[in-house]
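Shown here: input-v6.txt, compact mmCIF, C-alpha atoms.
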```
# COMPACT_ATOMS: atom_id res chain seq x y z
CA MET S 1250 -12.86 49.84 65.36
CA ALA S 1251 -10.31 50.65 62.74
CA LYS S 1252 -8.49 47.41 63.50
CA LEU S 1253 -11.67 45.42 62.98
CA SER S 1254 -12.26 47.09 59.62
CA ILE S 1255 -8.75 46.13 58.53
CA LEU S 1256 -8.86 42.55 59.88
CA ALA S 1257 -12.21 41.67 58.33
CA PRO S 1258 -11.01 41.77 54.70
CA LEU S 1259 -7.83 39.94 55.62
CA ILE S 1260 -9.78 37.17 57.34
CA TYR S 1261 -12.11 36.96 54.37
CA ILE S 1262 -9.21 36.65 51.94
CA ALA S 1263 -7.50 34.04 54.13
CA VAL S 1264 -10.66 31.95 54.37
CA LEU S 1265 -11.23 32.23 50.62
CA VAL S 1266 -7.66 31.23 49.75
CA GLY S 1267 -7.76 28.34 52.24
CA SER S 1268 -11.04 27.03 50.86
CA LEU S 1269 -9.71 27.23 47.30
CA ALA S 1270 -6.54 25.38 48.31
CA VAL S 1271 -8.51 22.63 50.04
CA PHE S 1272 -10.85 22.31 47.05
CA SER S 1273 -7.92 22.17 44.61
CA SER S 1274 -6.11 19.49 46.62
CA LEU S 1275 -9.25 17.40 46.95
CA TYR S 1276 -10.00 17.78 43.25
CA ARG S 1277 -6.47 16.73 42.28
CA LYS S 1278 -6.55 13.70 44.56
CA ARG S 1279 -9.92 12.65 43.21
CA LYS S 1280 -8.74 13.12 39.64
CA ALA S 1281 -5.57 11.12 40.31
CA ASN S 1282 -7.52 8.31 41.93
CA ARG S 1283 -9.98 8.32 39.06
CA ALA S 1284 -7.18 8.18 36.48
CA ALA S 1285 -5.49 5.39 38.38
CA SER S 1286 -8.69 3.38 38.49
CA LEU S 1287 -9.18 3.68 34.72
CA GLU S 1288 -8.13 0.85 32.47
CA PRO S 1289 -4.80 1.56 30.70
CA TRP S 1290 -4.86 2.26 27.00
CA PHE S 1291 -2.30 -0.42 26.22
CA GLY S 1292 -1.82 -3.78 27.82
CA THR S 1293 1.23 -5.12 29.60
CA HIS S 1294 4.56 -4.11 28.07
CA THR S 1295 6.03 -7.61 27.82
CA ALA S 1296 9.21 -6.56 26.00
CA ARG S 1297 10.04 -4.00 28.70
CA ASP S 1298 9.42 -6.55 31.46
CA VAL S 1299 11.69 -9.07 29.74
CA TYR S 1300 14.48 -6.52 29.34
CA LEU S 1301 14.29 -5.38 32.96
CA THR S 1302 14.26 -9.01 34.14
CA LEU S 1303 17.38 -9.81 32.13
CA LEU S 1304 19.07 -6.61 33.26
CA HIS S 1305 18.59 -7.28 36.97
CA MET S 1306 19.39 -11.00 36.92
CA ASP S 1307 22.26 -11.99 39.21
CA THR S 1308 23.73 -14.98 37.43
CA ASN S 1309 27.18 -16.40 37.10
CA PRO S 1310 28.21 -15.82 34.33
CA PRO S 1311 26.14 -12.64 33.85
CA VAL S 1312 23.75 -12.11 30.98
CA PRO S 1313 25.74 -11.25 27.82
CA ASN S 1314 25.42 -7.79 26.40
CA SER S 1315 24.30 -9.13 23.02
CA LEU S 1316 21.21 -10.63 24.65
CA LEU S 1317 20.49 -7.40 26.51
CA LYS S 1318 20.86 -5.38 23.31
CA ALA S 1319 18.48 -7.72 21.50
CA ALA S 1320 15.95 -7.36 24.32
CA LEU S 1321 16.32 -3.57 24.21
CA LEU S 1322 15.74 -3.58 20.44
CA ARG S 1323 12.63 -5.66 20.96
CA ARG S 1324 11.46 -3.14 23.53
CA ALA S 1325 12.07 -0.26 21.11
CA THR S 1326 10.12 -2.13 18.39
CA GLU S 1327 7.10 -2.43 20.68
CA ASP S 1328 7.41 1.27 21.52
CA ILE S 1329 7.33 2.21 17.83
CA HIS S 1330 4.22 0.11 17.37
CA ARG S 1331 2.53 1.97 20.22
CA ILE S 1332 3.63 5.34 18.86
CA ILE S 1333 2.03 4.55 15.50
CA THR S 1334 -1.19 3.54 17.25
CA ILE S 1335 -1.32 6.75 19.30
CA ARG S 1336 -0.58 9.05 16.36
CA SER S 1337 -3.24 7.43 14.18
CA ALA S 1338 -5.89 7.70 16.93
CA LYS S 1339 -5.13 11.13 18.35
CA GLN S 1340 -6.76 13.27 15.67
CA SER S 1341 -9.90 11.16 15.51
CA LEU S 1342 -10.31 11.15 19.28
CA ALA S 1343 -9.83 14.93 19.44
CA GLN S 1344 -12.57 15.48 16.87
CA LEU S 1345 -14.91 13.10 18.67
CA LEU S 1346 -14.21 14.86 21.98
CA GLN S 1347 -15.06 18.24 20.45
CA LYS S 1348 -18.34 16.85 19.13
CA GLY S 1349 -19.14 15.27 22.49
CA SER S 1350 -19.23 11.75 21.08
CA ILE S 1351 -16.83 10.36 23.71
CA GLY S 1352 -16.49 10.99 27.42
CA ASP S 1353 -13.69 12.51 29.42
CA ASP S 1354 -12.65 9.14 30.78
CA LEU S 1355 -11.58 7.89 27.37
CA TRP S 1356 -9.63 11.05 26.67
CA THR S 1357 -7.96 10.82 30.09
CA ARG S 1358 -6.86 7.28 29.31
CA PHE S 1359 -5.44 8.38 25.99
CA VAL S 1360 -3.52 11.30 27.50
CA ALA S 1361 -2.09 9.01 30.18
CA ALA S 1362 -0.96 6.53 27.50
CA GLU S 1363 0.68 9.35 25.56
CA LYS S 1364 2.63 10.51 28.60
CA GLU S 1365 3.64 6.96 29.40
CA ILE S 1366 5.02 6.35 25.92
CA GLU S 1367 7.02 9.60 26.08
CA GLU S 1368 8.64 8.47 29.31
CA GLU S 1369 9.25 5.05 27.77
CA LEU S 1370 11.08 6.59 24.81
CA ARG S 1371 13.35 8.61 27.07
CA ASP S 1372 14.11 5.53 29.12
CA VAL S 1373 15.02 3.51 26.01
CA VAL S 1374 17.35 6.25 24.76
CA MET S 1375 19.12 6.36 28.13
CA GLU S 1376 19.54 2.57 28.20
CA ALA S 1377 20.91 2.56 24.64
CA ASN S 1378 23.44 5.26 25.42
CA ALA S 1379 24.51 3.25 28.47
CA PHE S 1380 25.45 0.32 26.23
CA LYS S 1381 27.08 2.39 23.49
CA PRO S 1382 27.47 6.17 23.14
CA ASP S 1383 25.19 7.78 20.56
CA TRP S 1384 23.30 4.53 20.06
CA GLY S 1385 20.15 6.21 21.33
CA ALA S 1386 20.00 8.33 18.16
CA THR S 1387 19.84 5.29 15.87
CA ILE S 1388 18.17 2.60 17.97
CA PHE S 1389 14.65 3.55 16.88
CA GLN S 1390 15.68 3.56 13.22
CA THR S 1391 16.95 -0.01 13.62
CA ALA S 1392 13.80 -0.96 15.49
CA ASN S 1393 11.67 0.52 12.70
CA GLU S 1394 13.47 -1.63 10.13
CA MET S 1395 12.85 -4.69 12.29
CA LEU S 1396 9.16 -3.81 12.53
CA LEU S 1397 8.87 -3.41 8.75
CA ASN S 1398 10.60 -6.75 8.26
CA GLU S 1399 8.17 -8.44 10.62
CA LYS S 1400 5.19 -6.95 8.80
CA LEU S 1401 6.62 -8.10 5.47
CA ARG S 1402 7.01 -11.63 6.78
CA GLU S 1403 3.48 -11.64 8.14
CA ARG S 1404 2.16 -10.44 4.80
CA ALA S 1405 4.13 -13.12 2.95
CA ALA S 1406 2.72 -15.78 5.28
CA GLU S 1407 -0.82 -14.50 4.68
CA VAL S 1408 -0.31 -14.57 0.91
CA ALA S 1409 1.06 -18.13 1.08
CA THR S 1410 -1.91 -19.27 3.15
CA GLN S 1411 -4.37 -17.57 0.81
CA ALA S 1412 -2.65 -19.12 -2.23
CA ALA S 1413 -2.88 -22.59 -0.68
CA ASN S 1414 -6.58 -22.11 0.05
CA GLU S 1415 -7.31 -20.86 -3.46
CA ARG S 1416 -5.31 -23.72 -4.99
CA ALA S 1417 -7.32 -26.25 -2.98
CA TRP S 1418 -10.55 -24.56 -4.07
CA TRP S 1419 -9.54 -24.62 -7.73
CA ASP S 1420 -8.47 -28.27 -7.53
CA GLU S 1421 -11.80 -29.20 -6.01
CA LYS S 1422 -13.66 -27.25 -8.69
CA ARG S 1423 -11.64 -28.90 -11.46
CA GLU S 1424 -12.36 -32.36 -10.10
CA ARG S 1425 -16.05 -31.53 -9.87
CA VAL S 1426 -16.12 -30.31 -13.48
CA GLN S 1427 -14.26 -33.40 -14.65
CA ARG S 1428 -16.76 -35.63 -12.87
CA GLU S 1429 -19.65 -33.77 -14.50
CA LEU S 1430 -18.05 -34.09 -17.94
CA LEU S 1431 -17.41 -37.81 -17.46
CA SER S 1432 -20.98 -38.40 -16.31
CA SER S 1433 -22.38 -36.50 -19.31
CA ALA S 1434 -20.07 -38.43 -21.66
CA SER S 1435 -21.21 -41.77 -20.19
CA ASP S 1436 -24.86 -40.77 -20.63
CA SER S 1437 -24.48 -39.66 -24.29
CA PRO S 1438 -24.16 -43.21 -25.97
CA THR S 1439 -27.46 -44.35 -24.50
CA THR S 1440 -29.16 -41.22 -25.78
CA SER S 1441 -27.72 -41.64 -29.28
CA ALA S 1442 -28.72 -45.32 -29.37
CA ALA S 1443 -32.27 -44.50 -28.36
CA THR S 1444 -32.76 -42.06 -31.29
CA PRO S 1445 -33.02 -43.70 -34.80
CA ALA S 1446 -30.21 -42.99 -37.25
CA THR S 1447 -31.40 -40.98 -40.23
CA SER S 1448 -29.68 -40.98 -43.63
CA GLY S 1449 -29.33 -38.15 -46.08
CA LEU S 1450 -32.06 -39.57 -48.44
CA GLY S 1451 -34.80 -39.92 -45.88
CA SER S 1452 -34.24 -36.64 -44.11
CA PRO S 1453 -36.31 -33.68 -45.30
CA LYS S 1454 -34.42 -31.05 -47.18
CA SER S 1455 -34.63 -27.43 -46.41
CA GLU S 1456 -35.02 -24.59 -48.88
CA ASP S 1457 -31.32 -23.75 -48.63
CA ASP S 1458 -30.34 -27.33 -49.58
CA LEU S 1459 -32.66 -27.24 -52.59
CA LEU S 1460 -31.24 -23.92 -53.73
CA VAL S 1461 -27.69 -25.26 -53.46
CA GLU S 1462 -28.60 -28.32 -55.50
CA GLU S 1463 -30.15 -26.18 -58.22
CA LEU S 1464 -27.07 -23.95 -58.44
CA SER S 1465 -24.55 -26.81 -58.33
CA PRO S 1466 -22.49 -27.74 -61.48
CA ALA S 1467 -24.10 -31.21 -61.59
CA ALA S 1468 -27.53 -29.64 -62.04
CA ALA S 1469 -26.22 -27.46 -64.85
CA THR S 1470 -24.69 -30.52 -66.58
CA SER S 1471 -27.89 -32.52 -66.31
CA GLY S 1472 -29.81 -29.59 -67.81
CA SER S 1473 -27.53 -29.47 -70.88
CA LEU S 1474 -28.16 -33.16 -71.64
CA ARG S 1475 -31.93 -32.80 -72.11
CA PRO S 1476 -33.33 -34.24 -75.42
CA ALA S 1477 -33.72 -31.74 -78.24
CA THR S 1478 -37.14 -30.63 -79.43
CA PRO S 1479 -38.49 -31.96 -82.77
CA SER S 1480 -38.20 -28.58 -84.43
CA GLN S 1481 -34.50 -28.46 -83.71
CA SER S 1482 -33.84 -32.05 -84.90
CA ALA S 1483 -35.90 -31.78 -88.13
CA ARG S 1484 -34.24 -28.59 -89.38
CA PRO S 1485 -32.48 -29.40 -92.78
CA GLN S 1486 -28.80 -28.71 -93.18
CA THR S 1487 -27.46 -26.89 -96.26
CA PRO S 1488 -24.84 -28.78 -98.26
CA SER S 1489 -21.42 -27.29 -98.37
CA THR S 1490 -19.52 -26.71 -101.64
CA PRO S 1491 -16.09 -28.12 -102.36
CA GLY S 1492 -14.64 -24.63 -102.10
CA GLY S 1493 -15.72 -24.38 -98.54
CA GLY S 1494 -18.61 -21.95 -99.08
CA LYS S 1495 -22.18 -21.78 -100.40
CA LYS S 1496 -22.87 -21.18 -104.10
CA LYS S 1497 -24.01 -17.58 -104.55
CA GLY S 1498 -25.99 -16.28 -107.51
CA LYS S 1499 -26.62 -12.82 -108.82
CA LYS S 1500 -29.73 -11.21 -107.53
CA GLY S 1501 -32.15 -9.83 -110.00
CA SER S 1502 -30.69 -11.49 -113.20
CA PRO S 1503 -32.16 -14.91 -113.91
CA LYS S 1504 -29.95 -17.54 -115.46
CA LYS S 1505 -30.45 -18.08 -119.16
```
Go through the file and emit its structure as structure tokens.
Amino acid sequence: MAKLSILAPLIYIAVLVGSLAVFSSLYRKRKANRAASLEPWFGTHTARDVYLTLLHMDTNPPVPNSLLKAALLRRATEDIHRIITIRSAKQSLAQLLQKGSIGDDLWTRFVAAEKEIEEELRDVVMEANAFKPDWGATIFQTANEMLLNEKLRERAAEVATQAANERAWWDEKRERVQRELLSSASDSPTTSAATPATSGLGSPKSEDDLLVEELSPAAATSGSLRPATPSQSARPQTPSTPGGGKKKGKKGSPKK
């Protein structure tokens, strides 16, 4: 009886541990299958495939190291582009996951892509050190400069294309404006011929024109040449003395 009391808890613990182990293994397999069935975050890594193809080619002569190094640099450039994409999206996806705006499948895809890029970086560093010691510490810096140069060239090409489009638009607009001006200039002689020509005498004068004529020097001159009134013309003139002055007499004493 004592043995049964001791064995019962042991059997219970064994059954519980076994059921938990089976459940954990089944859950892990299901999770792995589900993650494998999900669409990858990034597409095919073409630069990596090209490098591995060149590395494992059995040709005579073999592939030169300069070509392999160039392919490895191209692979590192693509890795940097993917790193930038993951870092820019990680914070936003974490916030959306906390709010429940996205599902677990999307987050699982993102985590898998992050682990894949970490393994890719380690692999690139190992390949670079195989070509040249300590090259793995500077290969990503060189790849970053190549990526910036490519972006600069793309931007320059976009600016050139935009400038060509704007130049074509402005040329078309200028031609259209010139055509409108020429058409309006060709229509203006017929309009001027249809309206009668008016001279300065027949046209009505405004109040400003009359005021200017009154205040002009010609009007003042014509006013000074008016004929004198009869009172002014009939006024007698006093004769002048030979001495240049009038003859004055004494007031109050008559001449004897």
Enter the distance from CA of Asp1298 (chain S) to CA of Arg1324 (chain S), in Å, rounded to one decimal. 8.9 Å
Need to verify the contact set: Lys1339 (chain S), 12 Å, all atoms listed in the file, exclusion of same-chain residues closer than 6 positions in sequence. Can you return it as a ChimeraX atom specification? /S:1332-1333,1345-1346,1355-1356,1358-1360,1362-1363
Using only C-alpha atoms for the distances, tell me which of S:Thr1308, S:Thr1357, S:Gln1411, S:Gln1344 is nearest to Trp1290 (chain S).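 When distances to Trp1290 (chain S) are compared using only C-alpha atoms, the smallest one comes from S:Thr1357.
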Which residues are near Gln1390 (chain S)? Cut-off 12 Å, only C-alpha atoms, ignore same chain within fewer than 2 positions. Put them as a list of chain:residue names.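 Surrounding residues, per the criterion: S:Leu1322, S:Ala1325, S:Thr1326, S:Asp1328, S:Ile1329, S:Val1374, S:Trp1384, S:Gly1385, S:Ala1386, S:Thr1387, S:Ile1388, S:Ala1392, S:Asn1393, S:Glu1394, S:Met1395, S:Leu1396, S:Leu1397.
We find CA of Glu1365 (chain S) and CA of Phe1291 (chain S) to be spaced 10.0 Å apart.
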When you draw a straight line from CA of Pro1313 (chain S) to CA of Phe1389 (chain S), how long is it in Å? 21.5 Å
For Arg1323 (chain S), which of S:Ile1335, S:Leu1304, S:Val1373, S:Ala1434 is the closest residue, counting all atoms listed in the file?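 Checking each candidate against Arg1323 (chain S), we get S:Val1373 as the closest.
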Assuming 3 Å of padding per side, give the centre and edge lengths of the axis-aligned box around every listed atom of region 1287-1303 of chain S, in Å to one decimal and as lines of an AutoDock Vina configuration file.
```
center_x = 4.1
center_y = -3.1
center_z = 30.4
size_x = 32.6
size_y = 19.5
size_z = 14.7
```
Calculated over all atoms listed in the file, which of the candidates S:Ile1366, S:Ala1270, S:Leu1303, S:Leu1256 has the smallest distance to Thr1334 (chain S)?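 Among S:Ile1366, S:Ala1270, S:Leu1303, S:Leu1256, it is S:Ile1366 that comes nearest to Thr1334 (chain S).
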